[in-house]
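This is entry_17.txt. It holds compact mmCIF, C-alpha atoms.
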```
# COMPACT_ATOMS: atom_id res chain seq x y z
CA MET A 180 7.47 27.27 46.96
CA SER A 181 10.24 25.34 48.69
CA ALA A 182 13.79 25.63 47.46
CA MET A 183 15.26 22.87 45.33
CA PRO A 184 17.45 20.50 47.38
CA SER A 185 21.08 21.52 47.01
CA SER A 186 22.12 17.93 46.35
CA LEU A 187 20.05 17.75 43.14
CA THR A 188 21.88 18.71 39.96
CA LEU A 189 20.07 19.08 36.64
CA VAL A 190 22.13 18.26 33.57
CA GLU A 191 20.94 19.06 30.06
CA PRO A 192 21.56 16.18 27.65
CA THR A 193 23.97 16.99 24.85
CA ALA A 194 24.71 15.23 21.61
CA ARG A 195 28.10 13.60 21.40
CA THR A 196 30.41 14.50 18.56
CA PRO A 197 31.34 11.79 16.05
CA ALA A 198 34.74 11.42 17.71
CA GLU A 199 33.05 10.60 21.01
CA THR A 200 30.78 7.90 19.65
CA HIS A 201 31.64 4.30 18.98
CA SER A 202 32.17 3.19 15.40
CA PRO A 203 28.98 1.70 13.92
CA LEU A 204 28.65 -2.06 14.07
CA PRO A 205 29.62 -3.70 10.78
CA VAL A 206 26.43 -5.16 9.31
CA THR A 207 26.03 -8.21 7.09
CA ARG A 208 23.04 -10.01 5.59
CA ALA A 209 23.82 -13.05 7.78
CA MET A 210 22.91 -10.98 10.85
CA PHE A 211 19.28 -11.02 9.74
CA ASP A 212 19.12 -14.79 10.13
CA GLN A 213 20.85 -14.53 13.49
CA TRP A 214 18.88 -11.70 15.09
CA MET A 215 15.54 -11.12 13.35
CA VAL A 216 12.23 -12.96 13.72
CA PRO A 217 12.09 -15.05 10.52
CA CYS A 218 9.01 -13.44 8.97
CA TYR A 219 10.92 -12.47 5.83
CA ALA A 220 13.46 -13.89 3.40
CA PRO A 221 15.36 -10.77 2.28
CA ALA A 222 17.70 -10.57 -0.68
CA SER A 223 21.36 -11.43 -0.31
CA PHE A 224 22.44 -7.79 -0.73
CA VAL A 225 21.80 -4.93 1.72
CA PRO A 226 20.69 -1.56 0.27
CA VAL A 227 22.31 1.42 1.98
CA ARG A 228 21.46 4.43 -0.16
CA GLY A 229 18.80 5.56 -2.62
CA SER A 230 18.28 8.50 -4.95
CA GLY A 231 15.32 8.76 -7.28
CA SER A 232 14.82 5.35 -8.89
CA ARG A 233 18.32 4.08 -8.11
CA VAL A 234 19.52 2.16 -5.06
CA TRP A 235 23.06 1.25 -4.00
CA ASP A 236 24.12 -1.69 -1.84
CA GLN A 237 26.98 -2.06 0.64
CA GLN A 238 29.42 -2.86 -2.14
CA GLY A 239 28.44 0.25 -4.12
CA ARG A 240 26.51 -1.64 -6.79
CA MET A 241 23.64 0.31 -8.35
CA TYR A 242 20.17 -1.15 -8.89
CA ILE A 243 17.29 0.25 -10.95
CA ASP A 244 14.22 0.25 -8.70
CA PHE A 245 11.09 -1.20 -10.33
CA ALA A 246 9.64 -2.12 -6.90
CA SER A 247 9.58 1.14 -4.89
CA GLY A 248 9.33 -0.73 -1.61
CA VAL A 249 6.15 -2.57 -2.73
CA ALA A 250 4.56 0.50 -4.31
CA VAL A 251 5.54 2.77 -1.41
CA THR A 252 8.26 5.20 -2.52
CA SER A 253 5.89 6.87 -4.96
CA LEU A 254 8.28 9.74 -5.71
CA GLY A 255 11.45 7.69 -5.54
CA HIS A 256 14.11 7.79 -2.86
CA CYS A 257 15.02 11.01 -1.03
CA HIS A 258 12.89 13.36 -3.12
CA PRO A 259 14.04 16.87 -2.10
CA ALA A 260 10.54 18.13 -1.32
CA ILE A 261 9.91 15.21 1.02
CA VAL A 262 13.31 15.57 2.66
CA LYS A 263 12.58 19.26 3.27
CA ALA A 264 9.11 18.58 4.69
CA LEU A 265 10.49 15.95 7.08
CA THR A 266 13.46 18.07 8.10
CA ASP A 267 11.36 21.17 8.72
CA GLN A 268 8.86 19.22 10.81
CA ALA A 269 11.63 17.42 12.71
CA HIS A 270 12.78 20.82 13.95
CA THR A 271 9.24 21.82 14.94
CA LEU A 272 7.05 19.11 16.54
CA TRP A 273 7.34 15.32 16.55
CA HIS A 274 4.45 13.90 18.55
CA VAL A 275 1.62 15.12 20.78
CA SER A 276 -0.83 12.16 20.94
CA ASN A 277 -4.49 12.30 20.02
CA TRP A 278 -5.42 14.07 23.24
CA MET A 279 -4.58 17.02 20.99
CA THR A 280 -4.62 17.66 17.26
CA ASN A 281 -1.87 19.17 15.15
CA GLU A 282 -1.51 21.36 12.10
CA PRO A 283 0.08 18.87 9.64
CA ALA A 284 -2.71 16.33 10.32
CA LEU A 285 -5.44 18.88 9.72
CA ARG A 286 -3.80 20.16 6.55
CA LEU A 287 -3.47 16.62 5.19
CA ALA A 288 -7.09 15.79 6.04
CA ARG A 289 -8.28 18.89 4.21
CA LYS A 290 -6.26 17.97 1.12
CA LEU A 291 -7.74 14.47 1.05
CA ILE A 292 -11.26 15.78 1.50
CA ASP A 293 -10.94 18.47 -1.17
CA ALA A 294 -9.63 15.96 -3.73
CA THR A 295 -12.03 13.03 -3.13
CA PHE A 296 -15.60 12.08 -2.26
CA ALA A 297 -14.74 12.07 1.45
CA GLU A 298 -15.97 14.36 4.20
CA ARG A 299 -14.09 12.80 7.12
CA VAL A 300 -10.62 11.27 7.56
CA PHE A 301 -9.14 8.88 10.11
CA LEU A 302 -5.33 8.77 10.18
CA CYS A 303 -3.27 5.75 11.23
CA ASN A 304 0.08 4.14 10.45
CA SER A 305 -0.40 1.50 7.76
CA GLY A 306 -2.70 -0.12 5.25
CA ALA A 307 -3.53 -2.93 7.64
CA GLU A 308 -4.63 -0.41 10.27
CA ALA A 309 -6.67 1.51 7.72
CA ASN A 310 -8.47 -1.65 6.59
CA GLU A 311 -8.97 -2.81 10.18
CA ALA A 312 -10.60 0.55 10.90
CA ALA A 313 -12.73 0.30 7.75
CA LEU A 314 -14.08 -3.13 8.65
CA LYS A 315 -14.76 -2.09 12.24
CA LEU A 316 -16.49 1.07 11.05
CA ALA A 317 -18.67 -0.84 8.59
CA ARG A 318 -19.78 -3.29 11.25
CA ARG A 319 -20.36 -0.57 13.83
CA TYR A 320 -22.40 1.49 11.37
CA ALA A 321 -24.54 -1.52 10.47
CA HIS A 322 -24.97 -2.45 14.13
CA ASP A 323 -26.13 1.04 15.05
CA HIS A 324 -28.51 1.45 12.10
CA TYR A 325 -29.84 -2.05 11.46
CA GLY A 326 -28.99 -4.25 14.44
CA PRO A 327 -26.31 -6.76 15.49
CA GLU A 328 -27.39 -9.41 12.99
CA LYS A 329 -26.10 -7.30 10.07
CA PHE A 330 -22.38 -8.10 10.22
CA ARG A 331 -21.39 -10.27 7.23
CA VAL A 332 -18.61 -9.00 4.97
CA ILE A 333 -18.22 -10.09 1.36
CA SER A 334 -14.65 -10.17 0.08
CA THR A 335 -12.73 -11.91 -2.69
CA LEU A 336 -10.40 -14.87 -2.84
CA ASN A 337 -6.69 -14.09 -3.20
CA ALA A 338 -7.19 -10.55 -1.94
CA PHE A 339 -4.73 -8.85 0.37
CA HIS A 340 -5.98 -6.40 2.98
CA GLY A 341 -3.30 -6.54 5.68
CA ARG A 342 -1.76 -8.76 8.36
CA THR A 343 -4.05 -8.32 11.35
CA LEU A 344 -6.23 -11.33 12.13
CA PHE A 345 -9.31 -9.41 10.95
CA THR A 346 -7.73 -8.29 7.67
CA VAL A 347 -6.07 -11.61 6.77
CA THR A 348 -9.46 -13.23 7.24
CA ALA A 349 -10.94 -10.69 4.87
CA GLY A 350 -8.15 -11.40 2.40
CA GLY A 351 -9.23 -14.97 1.75
CA GLN A 352 -5.73 -16.48 1.53
CA ALA A 353 -5.32 -19.44 3.85
CA LYS A 354 -1.51 -19.16 3.82
CA TYR A 355 -1.81 -15.93 5.81
CA SER A 356 -4.62 -16.87 8.18
CA SER A 357 -4.13 -20.54 9.06
CA GLY A 358 -2.54 -21.57 12.32
CA PHE A 359 -3.66 -18.57 14.36
CA GLY A 360 -6.69 -20.08 16.02
CA PRO A 361 -10.36 -19.45 15.26
CA PRO A 362 -10.64 -16.61 12.73
CA PRO A 363 -13.22 -13.83 12.97
CA THR A 364 -16.56 -15.04 11.65
CA GLY A 365 -18.93 -13.50 9.16
CA PHE A 366 -16.93 -13.50 5.91
CA THR A 367 -18.00 -14.75 2.49
CA HIS A 368 -15.37 -15.01 -0.25
CA ILE A 369 -16.07 -14.96 -3.98
CA ARG A 370 -13.89 -15.01 -7.09
CA TYR A 371 -12.67 -11.61 -8.21
CA ASN A 372 -14.59 -10.05 -11.14
CA ASP A 373 -17.35 -12.68 -10.70
CA ILE A 374 -20.63 -10.76 -10.84
CA ALA A 375 -22.74 -13.91 -10.59
CA GLY A 376 -20.79 -15.02 -7.54
CA LEU A 377 -21.29 -11.61 -5.95
CA GLU A 378 -25.02 -11.75 -6.58
CA ALA A 379 -25.16 -15.25 -5.12
CA ALA A 380 -23.30 -14.10 -2.00
CA PHE A 381 -25.89 -11.38 -1.46
CA ALA A 382 -28.70 -13.87 -2.04
CA GLU A 383 -27.69 -15.78 1.09
CA GLU A 384 -30.10 -14.80 3.89
CA GLY A 385 -31.64 -12.35 1.45
CA GLY A 386 -28.60 -10.11 1.83
CA ASP A 387 -30.03 -8.58 4.99
CA ASP A 388 -27.00 -9.67 7.04
CA VAL A 389 -24.39 -8.09 4.73
CA CYS A 390 -22.83 -4.98 6.22
CA ALA A 391 -20.07 -4.42 3.66
CA VAL A 392 -18.25 -5.49 0.53
CA ILE A 393 -14.48 -4.89 0.56
CA LEU A 394 -12.63 -4.90 -2.76
CA GLU A 395 -9.36 -3.83 -4.31
CA PRO A 396 -10.15 -1.90 -7.52
CA MET A 397 -7.25 -3.92 -8.91
CA GLN A 398 -5.97 -7.02 -7.14
CA GLY A 399 -2.27 -6.65 -6.42
CA GLU A 400 -0.91 -9.71 -4.69
CA GLY A 401 -3.75 -11.75 -6.18
CA GLY A 402 -2.07 -11.54 -9.60
CA MET A 403 -2.24 -7.92 -10.75
CA ILE A 404 -5.79 -8.29 -12.03
CA PRO A 405 -7.69 -5.09 -12.88
CA GLY A 406 -11.25 -4.96 -11.62
CA THR A 407 -13.72 -4.68 -14.47
CA PRO A 408 -15.97 -1.61 -14.40
CA GLU A 409 -18.95 -3.97 -14.58
CA PHE A 410 -17.89 -5.91 -11.48
CA LEU A 411 -17.23 -2.80 -9.43
CA ALA A 412 -20.49 -1.24 -10.60
CA ALA A 413 -22.36 -4.40 -9.63
CA ALA A 414 -20.84 -4.19 -6.15
CA ARG A 415 -22.04 -0.60 -5.86
CA ARG A 416 -25.55 -1.53 -7.02
CA LEU A 417 -25.90 -4.51 -4.70
CA CYS A 418 -24.62 -2.56 -1.70
CA ASP A 419 -27.20 0.13 -2.37
CA GLU A 420 -29.98 -2.43 -2.72
CA HIS A 421 -29.08 -4.16 0.56
CA ASP A 422 -28.06 -1.20 2.75
CA ALA A 423 -24.43 -2.34 2.81
CA LEU A 424 -21.29 -0.23 2.58
CA LEU A 425 -18.82 -0.50 -0.29
CA VAL A 426 -15.19 -0.38 0.88
CA PHE A 427 -12.41 0.16 -1.65
CA ASP A 428 -8.97 -0.89 -0.51
CA GLU A 429 -6.72 1.55 -2.39
CA ILE A 430 -3.64 0.89 -0.29
CA GLN A 431 -1.65 0.09 -3.44
CA SER A 432 -3.86 1.39 -6.26
CA GLY A 433 -4.18 4.86 -4.76
CA MET A 434 -1.98 7.96 -4.80
CA GLY A 435 -1.43 8.07 -8.54
CA ARG A 436 -0.34 4.47 -9.03
CA THR A 437 -2.88 3.79 -11.81
CA GLY A 438 -2.78 7.24 -13.40
CA ALA A 439 -5.51 8.84 -11.29
CA LEU A 440 -5.22 10.12 -7.73
CA TYR A 441 -7.35 7.13 -6.72
CA SER A 442 -8.39 4.27 -8.96
CA TYR A 443 -12.11 4.67 -8.21
CA MET A 444 -11.98 7.92 -10.18
CA GLN A 445 -11.06 5.99 -13.34
CA LYS A 446 -13.58 3.22 -12.70
CA ARG A 447 -16.36 5.78 -12.07
CA VAL A 448 -17.59 3.87 -9.02
CA VAL A 449 -17.59 5.80 -5.74
CA PRO A 450 -17.17 3.81 -2.51
CA ASP A 451 -18.57 4.59 0.93
CA ILE A 452 -15.20 4.02 2.58
CA LEU A 453 -11.74 4.21 1.00
CA THR A 454 -8.45 3.18 2.55
CA SER A 455 -5.09 4.63 1.58
CA ALA A 456 -1.49 4.05 2.68
CA LYS A 457 1.79 2.94 1.02
CA GLY A 458 2.37 5.70 -1.56
CA LEU A 459 0.57 8.26 0.60
CA GLY A 460 3.70 8.69 2.74
CA GLY A 461 6.25 8.17 -0.02
CA GLY A 462 8.21 5.90 2.34
CA PHE A 463 7.16 7.32 5.71
CA PRO A 464 4.57 5.08 7.49
CA ILE A 465 1.05 6.47 7.33
CA GLY A 466 -2.45 5.24 6.55
CA ALA A 467 -5.81 6.88 6.11
CA LEU A 468 -9.50 5.99 6.06
CA LEU A 469 -11.78 8.27 4.05
CA THR A 470 -15.57 8.32 4.37
CA SER A 471 -18.69 10.47 4.74
CA THR A 472 -19.82 12.42 7.77
CA GLU A 473 -22.79 10.13 8.29
CA ILE A 474 -20.77 6.91 8.26
CA ALA A 475 -17.99 8.44 10.35
CA SER A 476 -20.51 9.24 13.09
CA ALA A 477 -20.58 5.53 13.99
CA PHE A 478 -17.16 6.09 15.59
CA SER A 479 -17.57 8.22 18.70
CA VAL A 480 -14.83 9.34 21.08
CA GLY A 481 -12.92 6.35 22.43
CA VAL A 482 -14.47 3.74 20.12
CA HIS A 483 -11.37 3.48 17.94
CA GLY A 484 -7.94 5.06 17.89
CA SER A 485 -4.24 4.89 17.09
CA THR A 486 -1.38 6.15 19.25
CA PHE A 487 0.72 7.36 16.34
CA GLY A 488 -2.14 8.07 13.94
CA GLY A 489 -1.93 11.63 12.68
CA ASN A 490 1.69 11.95 13.79
CA PRO A 491 2.99 15.40 12.74
CA LEU A 492 6.10 13.97 11.06
CA ALA A 493 4.12 11.49 8.97
CA CYS A 494 1.45 14.03 8.04
CA ALA A 495 3.97 16.68 7.03
CA VAL A 496 5.64 14.19 4.70
CA ALA A 497 2.33 12.90 3.31
CA GLY A 498 1.18 16.46 2.67
CA ALA A 499 4.29 17.12 0.60
CA VAL A 500 3.83 13.85 -1.32
CA PHE A 501 0.17 14.68 -1.96
CA ASP A 502 0.96 18.13 -3.35
CA ILE A 503 3.31 16.63 -5.94
CA VAL A 504 1.28 13.55 -6.90
CA ASN A 505 -2.04 15.35 -7.26
CA THR A 506 -0.96 17.31 -10.31
CA VAL A 507 -1.75 16.95 -13.99
CA GLU A 508 1.96 16.65 -14.80
CA VAL A 509 2.55 13.64 -12.55
CA LEU A 510 -0.71 11.82 -13.29
CA ASP A 511 -0.36 12.31 -17.05
CA GLY A 512 3.27 11.24 -16.70
CA VAL A 513 2.11 7.96 -15.14
CA LYS A 514 -0.01 7.28 -18.24
CA ALA A 515 2.93 8.02 -20.52
CA ARG A 516 5.20 5.72 -18.52
CA HIS A 517 2.55 2.99 -18.72
CA ALA A 518 2.70 3.15 -22.51
CA LEU A 519 6.50 2.93 -22.50
CA PHE A 520 6.51 -0.01 -20.10
CA MET A 521 3.89 -1.89 -22.12
CA GLU A 522 5.77 -1.33 -25.37
CA GLY A 523 9.03 -2.48 -23.83
CA LEU A 524 7.55 -5.54 -22.14
CA ARG A 525 5.77 -6.62 -25.33
CA THR A 526 9.02 -6.22 -27.27
CA ILE A 527 10.82 -8.43 -24.75
CA ASN A 528 8.04 -11.00 -24.99
CA ALA A 529 8.14 -10.99 -28.78
CA ARG A 530 11.80 -12.02 -28.58
CA ARG A 531 11.60 -14.45 -25.66
CA GLU A 532 7.96 -15.64 -25.48
CA VAL A 533 8.01 -15.92 -21.69
CA PHE A 534 4.77 -14.13 -20.75
CA SER A 535 1.25 -15.39 -21.32
CA ASP A 536 -0.18 -11.99 -20.36
CA ILE A 537 1.04 -8.47 -19.62
CA ARG A 538 -1.55 -6.43 -17.76
CA GLY A 539 -2.07 -3.61 -15.31
CA GLU A 540 -2.79 0.07 -15.03
CA GLY A 541 -0.44 3.04 -14.81
CA VAL A 542 2.91 2.07 -13.33
CA TRP A 543 1.46 -1.03 -11.66
CA LEU A 544 2.01 -3.96 -14.02
CA GLY A 545 1.92 -7.73 -13.90
CA CYS A 546 3.73 -10.06 -16.28
CA GLU A 547 2.23 -13.55 -16.05
CA LEU A 548 4.68 -16.30 -16.93
CA ALA A 549 3.79 -18.72 -19.71
CA GLU A 550 2.88 -22.30 -18.86
CA ALA A 551 6.43 -23.64 -19.27
CA TRP A 552 7.69 -21.31 -16.51
CA ARG A 553 4.82 -21.42 -14.04
CA GLY A 554 5.96 -21.02 -10.46
CA LYS A 555 9.24 -19.33 -11.39
CA ALA A 556 8.39 -15.70 -10.63
CA PRO A 557 10.53 -15.79 -7.45
CA GLU A 558 13.46 -17.06 -9.51
CA VAL A 559 13.00 -14.15 -11.92
CA MET A 560 12.99 -11.74 -8.97
CA ARG A 561 16.28 -13.18 -7.67
CA ALA A 562 17.85 -13.14 -11.12
CA ALA A 563 16.74 -9.54 -11.53
CA GLY A 564 18.59 -8.67 -8.34
CA ASP A 565 21.70 -10.32 -9.75
CA ALA A 566 21.25 -8.20 -12.88
CA GLY A 567 20.93 -4.98 -10.88
CA LEU A 568 17.15 -4.60 -10.95
CA LEU A 569 14.56 -4.60 -8.15
CA VAL A 570 11.22 -6.20 -9.07
CA LEU A 571 8.43 -7.90 -7.14
CA VAL A 572 6.22 -10.94 -7.52
CA ALA A 573 2.45 -11.29 -7.26
CA GLY A 574 2.21 -14.95 -6.41
CA PRO A 575 4.42 -17.65 -7.96
CA ASP A 576 3.46 -16.93 -11.57
CA VAL A 577 3.45 -13.14 -11.94
CA VAL A 578 6.37 -10.70 -12.02
CA ARG A 579 5.14 -7.42 -10.55
CA ILE A 580 6.45 -3.99 -11.57
CA ALA A 581 5.66 -0.95 -9.42
CA PRO A 582 8.28 1.78 -9.82
CA SER A 583 8.22 5.40 -8.74
CA LEU A 584 5.52 7.45 -10.44
CA ILE A 585 8.24 9.76 -11.77
CA ILE A 586 10.88 7.22 -12.75
CA GLY A 587 13.09 8.54 -15.55
CA LEU A 588 12.49 7.30 -19.07
CA ASP A 589 16.14 6.28 -19.39
CA GLU A 590 15.80 4.29 -16.18
CA ILE A 591 12.76 2.49 -17.58
CA LEU A 592 14.72 1.46 -20.66
CA GLU A 593 17.78 0.39 -18.65
CA GLY A 594 15.57 -1.52 -16.21
CA LEU A 595 13.79 -3.34 -19.01
CA SER A 596 17.15 -4.33 -20.48
CA ARG A 597 18.19 -5.74 -17.11
CA LEU A 598 14.84 -7.55 -16.81
CA GLU A 599 15.44 -9.26 -20.14
CA THR A 600 18.85 -10.37 -18.93
CA ALA A 601 17.26 -11.78 -15.77
CA LEU A 602 14.58 -13.60 -17.74
CA GLY A 603 17.26 -15.21 -19.90
CA LYS A 604 19.08 -16.53 -16.83
CA ALA A 605 16.08 -17.54 -14.71
CA LEU A 606 14.10 -19.23 -17.47
CA ALA A 607 16.95 -20.77 -19.47
```
Go ahead and render the structure in this file as C-alpha cells.
Amino acid sequence: MSAMPSSLTLVEPTARTPAETHSPLPVTRAMFDQWMVPCYAPASFVPVRGSGSRVWDQQGRMYIDFASGVAVTSLGHCHPAIVKALTDQAHTLWHVSNWMTNEPALRLARKLIDATFAERVFLCNSGAEANEAALKLARRYAHDHYGPEKFRVISTLNAFHGRTLFTVTAGGQAKYSSGFGPPPTGFTHIRYNDIAGLEAAFAEEGGDDVCAVILEPMQGEGGMIPGTPEFLAAARRLCDEHDALLVFDEIQSGMGRTGALYSYMQKRVVPDILTSAKGLGGGFPIGALLTSTEIASAFSVGVHGSTFGGNPLACAVAGAVFDIVNTVEVLDGVKARHALFMEGLRTINARREVFSDIRGEGVWLGCELAEAWRGKAPEVMRAAGDAGLLVLVAGPDVVRIAPSLIIGLDEILEGLSRLETALGKALA
C-alpha cells in the first residue's frame, strides 16, 4: 500500500463552543411571510418551548394545548421517556438506509404486530406516505390476483388522506386537488356513513373493478364525524363479497386517540390494511402501514420504498411512545378525559348556546357551531389563541379538540375556561 502524500492533512471536525459561534438570528413571525412558501397561515405568535400540555411563546406567554400539533404530540411536549429514547439513540445510530435493517425498526414492527391484526409492517415518514403505500399496495395486489382491470377505489367525500396527488384524489376534497393537472383515475366518492351509497358504488360494473375501499373510522377534517358500526361493517361485508381490500386510515384515530390503541378495535371491524402516523411518533415524523403476510407479498424488493422509512431515530422514539400508550392506564385515562371534556363542553353550551352538536370519541372532539355562527370556527381558533389556548378547526363550522392523551385534569378545566372566553369574544 502506497504511503499517504505528505501534503495531505486530515483534520477531525470539532464542535465550536458557544463563545465561538455567532449569536442566533432574531426571529419574528413576519419572517415567515418573507421567506417561506405560502402554504400555511400560521398564528401571530411563535411557540418556543413546550412541556406536557403547556406551550410558551417568544414573549413567555403560556398556552394550554388542546391541539397537540394536529393530534401528533400524543404524550404532550418533551415527555421524559421520549426525550430519553431519542437521546440514547442519537448517541448510537442515526441512519443506515434500507440496504440494511436496524434494531429499533424491528422492535417497533414486532410491537405493532403483537398488538394488532397485522403480520407485516412497512415504515415510512408520514400519514400521506402510509396512505400512498396502502393505495399502491391495494392496486398491486388486485392487479396480481385478478388482473389490471380491477383498480377502482371507493372513498368518501370530505375525507383527508394526505397531500400527495394520489391521496388528495382519494380524499374527495376539490380544494386540495384542483389545479394540479389530471388527477389519478379510478376513484368513486360517496357520502360518509351512507350504506346505500356504498352499495350503489359497488353495484357499478358489478363491483368486479373495485380493488379497495379506504375509510377513516372517524372523519377528522371532514367534521369530526364518527363512523357508525353499521357503515364500517357494511364496508367489510362488501369488500369480502367483491374480493376488495378494506383500508382503514387511522392516521389520526389511532394510537389511543379514541380510547383504544386503534379505533377499529372499538368498532369491531378488522381491515385488511391499516395506516398509522401522527401520534405514533409523539412529535417525531414516522408513518406505518400494517397488513397481512399475503397482501404484503404484492410488494417485492424494489417495488416500493422510502429513504428515511424505518429510520433508527424515529423508530426508537415511536417504540417509547407505543410502550406508554398501549397500557390500560393510558387508554382508560383517555375515556375518563372524554367524559370530563363532554361535561365541560355541554356546561359551556348550556350557558352560551353556541354549539349545535358536540361529538367525538376519546380525546378527539368536534364542536359544531350553531346556525347563527356558521363559518366562524377559524375566528374561534384565533380568539382561543388570544385567550391562551391552542385549538383546531375541522372545516369552517367545527372547532376541533385533540389534546395530549395524558393532559392533566386541571389543564382541561383551565383550557375549557379559556375556550369559553374565546367563544364570548369570537361570537359576540
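Excluding Arg240 in chain A itself and same-chain residues fewer than 3 positions from it, the residues having an atom within 10 Å of it are A:Phe224, A:Pro226, A:Val234, A:Trp235, A:Asp236, A:Gln237, A:Gly567, counting only C-alpha atoms.
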Hey, which bits of range 362-444 of chain A sit within 10 Å of range 281-305 of chain A, and for each residue what's the closest pair of atoms and how far apart in Å (one decimal), counting all atoms listed in the file, rows by chain and increasing number, as CSV?
```
residue,atom,partner,partner_atom,distance
A:Ile430,CA,A:Ser305,CA,8.7
A:Leu440,CA,A:Ala294,CA,8.3
A:Tyr441,CA,A:Thr295,CA,8.3
A:Tyr443,CA,A:Thr295,CA,9.8
A:Met444,CA,A:Thr295,CA,8.7
```
Would you tabulate, counting all atoms listed in the file, all residues of range 480-556 of chain A that have an atom at most 8 Å from an atom of range 405-425 of chain A, showing the closest pair of atoms and their distance in Å to one decimal, sorted by chain then ascending number, as CSV?
```
residue,atom,partner,partner_atom,distance
A:Arg538,CA,A:Pro405,CA,8.0
A:Gly539,CA,A:Pro405,CA,6.3
A:Glu540,CA,A:Pro405,CA,7.4
```
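A straight line drawn from CA of Ile537 in chain A to CA of Ala551 in chain A is 16.1 Å long.
Minimum atom-to-atom distances from A:Thr367, A:Thr472, A:Gln445, A:Thr437 to Asp388 in chain A were compared using all atoms listed in the file, and the lowest value belongs to A:Thr367.
One distance worth recording is that between CA of Ile503 in chain A and CA of Phe487 in chain A, which is 24.3 Å.
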From A:Pro363, A:Gly358, A:Pro217, A:Gly433, residue lying nearest Lys315 in chain A [only C-alpha atoms]: A:Pro363
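Among the candidates A:Glu532, A:Asp212, A:Asp502, A:Glu308, the one nearest to Gly341 in chain A when counting only C-alpha atoms is A:Glu308.
The coordinates place CA of Gln431 in chain A at 22.3 Å from CA of Ala563 in chain A.
For the residues A:Arg597, A:His270, A:Lys514, A:Arg208, ranking by smallest atom-to-atom distance to Ile527 in chain A using all atoms listed in the file places A:Arg597 first.
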Residues at most 12 Å from Ala581 in chain A, counting all atoms listed in the file, excluding those fewer than 2 positions away in the same chain, as a PyMOL selection string? chain A and resi 232+243-255+399-400+403+431-432+435-437+457-458+513+516-517+520+539-546+569-573+578-579+583-586+591
To test the calculation: enclose all listed atoms of range 595-606 of chain A in a box whose edges run along x, y and z, add 8 Å on each side, then state centre and edge lengths in Å to one decimal, as JSON.
```
{"center_x": 16.4, "center_y": -11.3, "center_z": -17.6, "size_x": 21.3, "size_y": 31.9, "size_z": 21.8}
```
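Distances to Val533 in chain A were evaluated for A:Val500, A:Ile580, A:Leu602, A:Cys494 using only C-alpha atoms, and the minimum falls at A:Leu602.
Among the candidates A:Ala439, A:Ala549, A:Ala313, A:Leu595, the one nearest to Ala467 in chain A when counting all atoms listed in the file is A:Ala313.
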